[in-house]
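Heads up, the thing below is written out as C-alpha cells.
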Amino acid sequence: MLTAALVLPLVAQLVLPDPPPPLAEAAARAVAALAARHGAAERPRIERGVRQAAAFWREGDGDAAAFEAFAAGQFAPAGPALDALLGRLEAVLEQVDGHEVELSRTLRWWTDLELGPLQPVDPLLASWAPGAHALDDLFATRIAFAALLNFPLTSLEERLAGGAWSRRRWAEVRLAGRFARRVPAEVSQAITRAGAEAGLYIAGYNVHAHHLLGAGGSRPFPRGKRLLAHWNLRDEIKAQYGQPGALERQRLLATVFDRIVTQTIPRAVIDDPSVDWDPVTNAVRPSPPAEIEGGAAPRSAVDGAREPDTRYAQLLQTFRAAAAADPYSPSAPTHVARKFELEREIPEARVVALLEEVLGSPEVRQVAAVVRRRLGRPLEPFDVWYDGFRPRARFAEADLDAKTRARYPTAAAFAHALPQTLQALGFTAEKAAWLAARIEVDPARGSGHAMGAGRRGDKAHLRTRVGPDGMDYKGFNIAVHELGHNVEQTFSLAQVDSTLLQGVPSTAFTEAVAFVFQARDLEVLGLGAPDAEARRLLALNDLWMTFEIAGVALVDIGVWRWMYQHPRATPAELREATLRLARDTWNRWYAPVLGVRDATLLAAYSHMIESFLYLPDYPLGHLIAFQLEEQVRKTGKIGPEIERMTKLGAVTPDLWMKNASGEPVGAGPLLRATASALAPASH
C-alpha cells in the first residue's frame, strides 16, 4: 500500500459545470455536515470531492436527498479509511481493465491475425467493445462517484506543476482521472466499431508490387511482394536506396502513394494479384495467367474505376464517432483537446512548437545537403524517407531477407528466440527469460502491433507479419520495434508500485522505447554494434526521420481541426481539404529543403485513417527516443536502463523524462547532437 499523501497547494483547479440548484443546495448541506463531522483540516478535500461528484450526478442517479445521503456515507477521511478505499479500487479496477483487454484481444483474434480467410462474423466480433458499458456501470453502481468524492480530479496545469507529488498522490490523481468523462456505453461502442472498421479497411490495403508496370510495360518488382499501405510501401522505398535501378522503383511507389491519397487509385488493384497497373498512366489490365501469384483466378477484363473516396469516408466515420463523446467530457470537450490534455499531457501549442523547431532548424537543411551529396542527384519528395544513414545500408536487402527468413520461418520461431533476442538487446539471461515468459507472439494479418497485458498474470502480445517463406527483414525490423512496446508494457505493469500508475506518460513514450529497440535490430542479427562513425550517421538519421514525421503529424492535427470546423463535410470535401493541408505544409517546410512543391506524401500514413489523431506521438517519440539513447549510452546498458525508466509509470511527460534522463522533453538534445555530427571535426 502506498503511504498517505501530503496535501499540496493546487493551481489552476479544474473547472467543472455547476449542478442544478436542488443538487447544489444538497451539495452545500453535504459539505457542511461532513466538515462538522471530520474537522476543518478535511474541509478542502470535502469541498473538492463533493463538487466533483455533483458535477457528474444525473437525474437517473437519484434526487438531491439521495446525493446528500451518498456523500455522507461514502466520504472517507484521510488515514486508514482512505487507504482502504484506495486499495480496494486499485485491486478491482486492475481486474476490470485487465479482463476487458483480454476479451477485446480475443474478439479481434481473427481480424488481427493471419489465421485463414475471414468469416462474415469476424468484423462483427472485432467491433464489439466488451468494456463499453463498464463506465456506465461504474457510475450506475456509484463506484465512480465514490472515487470522485474522495480523490482529486486535476487540470493539466495542476498535473504539470505536480513534480513534488508523492507516488500516493499520483495514484490518487490517476484513479480520479479515469472518471473525468462520463461517456455513455453506446458512444464508446460506436468509437470501437469505427476504429475496428477503419482498421480492417487498412489491414487489407495491399498493393501487389509485381503487378506495378513501369516504362514499356516492364515489371520492376519481383513476384510475391505484397506491400501494405503505408508501412510496406514506405519501407520498400527505404530499402531501395543503394540498389541498382532504385530510382525508377522509388518513383513508381511514390506515384502509388499519390494515387492513394488523391483517391485516383483504381479500386480493382487493391489487394488483387490478378490486375496489372501502370500508376503513371493509371491504366489497368488483366494480368497474364503466368504472372498471377497466390492461386488467384485470371480475369477477362478489369474495371478501371477509382476507389470512391473510401479512405476519407472511413476517416469521417472515426471523427464523428469520437466527436460524439464531446458533450460528456467537460474538461476537454473535443477529441483534439482530449488527445493533448488528457492523453499526452503536453499542450497542443507546445507540441506544435516542438515540431516546428525541428522543421525550421538549420540542421535539417544541412542534413539535406548531405543526403543530396550522397545520392548524387537533386532530391525528390520520397527522399524524406532516405534511409542511407542507418547501419543496415551496408547490407543488401536480399541478404538481410535471407538471414531473417532462415532464422524466423514462422512466428513461433521468433517467439522461441525471444530470450536470445532480449539478451542481444542488453538484458541479463535471467531478465530475458522473465520477459520472454510474459510475451506471446502471434502471426499478424496487418503490419504487426503490440498489445500489452491488462493485468498482472496476463501476457503481452506481439503480433508480427510473417510471409509464407518466412519473416523478411522489414517484418523483422517491425517485430523488434513491437518487442520494445511489449517490454515497456510488461515492466510498467508488473514492476510499477501501483497498478493505478500502470504504463508510461503517453503513447509517445512507448514509441520511444520501441525506437530504441528497433535501432538495434542488426545487433540482434549478430551483425555488429555501430562504431563511432555509425553513431555519427545515426544522429543525422534521427533528425531526418523526425523531420519527415513532424510534417505528417502537423497534417494529422490540421485535418482534425478542419473536421471540427466542418462536421457535415462529405468524403470528397475532406479529401480536398486533406490534400490542401498536406500541400501547404509541404510547401512551407519541405519544398525549401527538397526543392519540389505540392507533394502529397504527408497525407499518406494509414494511422491518419484508423488511429484517431495518433500521428503526433511519432515525432514526439523520436525526440524522446533520442534522449533515452543518450542516457543508455552514458551507462552502456540498455536493459537495466529501460527497466529503471519504465518502472516510473504514468506520471507526466516532463517528470518522467527528468527522472529518466535529467532533462524535460525537448528537441534540444537531438538538434545539438546533429550539429555536433555535422561539424567538420566529427568526420
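Chain lettering (A, B, ...) mirrors the order of the C-alpha cells, residue numbering begins at 1 for each chain separately, and ligand numbering begins at 1 in order of display.
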*Once DSSP has gone over the backbone, tell me which residues of range 395-563 of chain A are in helix (DSSP H, G or I), as a ChimeraX atom specification.*
/A:397-407,411-416,418-424,429-436,473-494,499-501,507-518,521-524,532-563
_Need to verify the contact set: range 111-113 of chain A, 10 Å, only C-alpha atoms, exclusion of same-chain residues closer than 2 positions in sequence. Can you return it as number ranges by chain?_
A: 105-109, 115-119, 122-126, 196, 199-200, 203, 442-449, 463-465
*asked:* Quick one: residues within 7 Å of Tyr312 in chain A, only C-alpha atoms, excluding same-chain residues fewer than 5 positions away - as a list in words?
replied: Pro571, Leu574 and Arg575 of chain A
Per residue of range 465-494 of chain A within 9 Å of range 517-526 of chain A, note the shortest atom pair and the distance in Å to one decimal, counting only C-alpha atoms, and order the rows by chain and increasing residue number, as CSV.
```
residue,atom,partner,partner_atom,distance
A:Phe476,CA,A:Asp521,CA,7.9
A:Asn477,CA,A:Asp521,CA,6.2
A:Ile478,CA,A:Gln518,CA,7.3
A:Ala479,CA,A:Gln518,CA,8.2
A:Val480,CA,A:Gln518,CA,5.3
A:His481,CA,A:Gln518,CA,4.6
A:Glu482,CA,A:Gln518,CA,8.3
A:Leu483,CA,A:Phe517,CA,7.5
A:Gly484,CA,A:Phe517,CA,5.4
A:His485,CA,A:Phe517,CA,8.9
```
With C-alpha atoms kept, could you save the residues just selected as a PDB file, in the first residue's frame?
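Written output follows (part_28.pdb):
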```pdb
ATOM      1  CA  PHE A 476      11.786  -8.410 -38.526  1.00  0.00           C
ATOM      2  CA  ASN A 477      12.587  -4.715 -38.120  1.00  0.00           C
ATOM      3  CA  ILE A 478       8.947  -4.018 -37.227  1.00  0.00           C
ATOM      4  CA  ALA A 479       8.856  -7.022 -34.880  1.00  0.00           C
ATOM      5  CA  VAL A 480      11.843  -5.695 -32.922  1.00  0.00           C
ATOM      6  CA  HIS A 481      10.009  -2.355 -32.683  1.00  0.00           C
ATOM      7  CA  GLU A 482       6.906  -4.097 -31.335  1.00  0.00           C
ATOM      8  CA  LEU A 483       9.065  -6.045 -28.888  1.00  0.00           C
ATOM      9  CA  GLY A 484      10.124  -2.703 -27.435  1.00  0.00           C
ATOM     10  CA  HIS A 485       6.467  -1.907 -26.813  1.00  0.00           C
TER      11      HIS A 485
END
```
_as a ChimeraX atom specification, please: the residues near Ser611 in chain A (cut-off 9 Å, only C-alpha atoms, same-chain neighbours under 3 positions excluded)._
/A:195,198-199,318,606-608,614-615
*Close residues, Ala301 in chain A itself excluded, 12 Å, only C-alpha atoms, min 6 positions apart in chain, as a PyMOL selection string*: chain A and resi 268+274-276+284-288
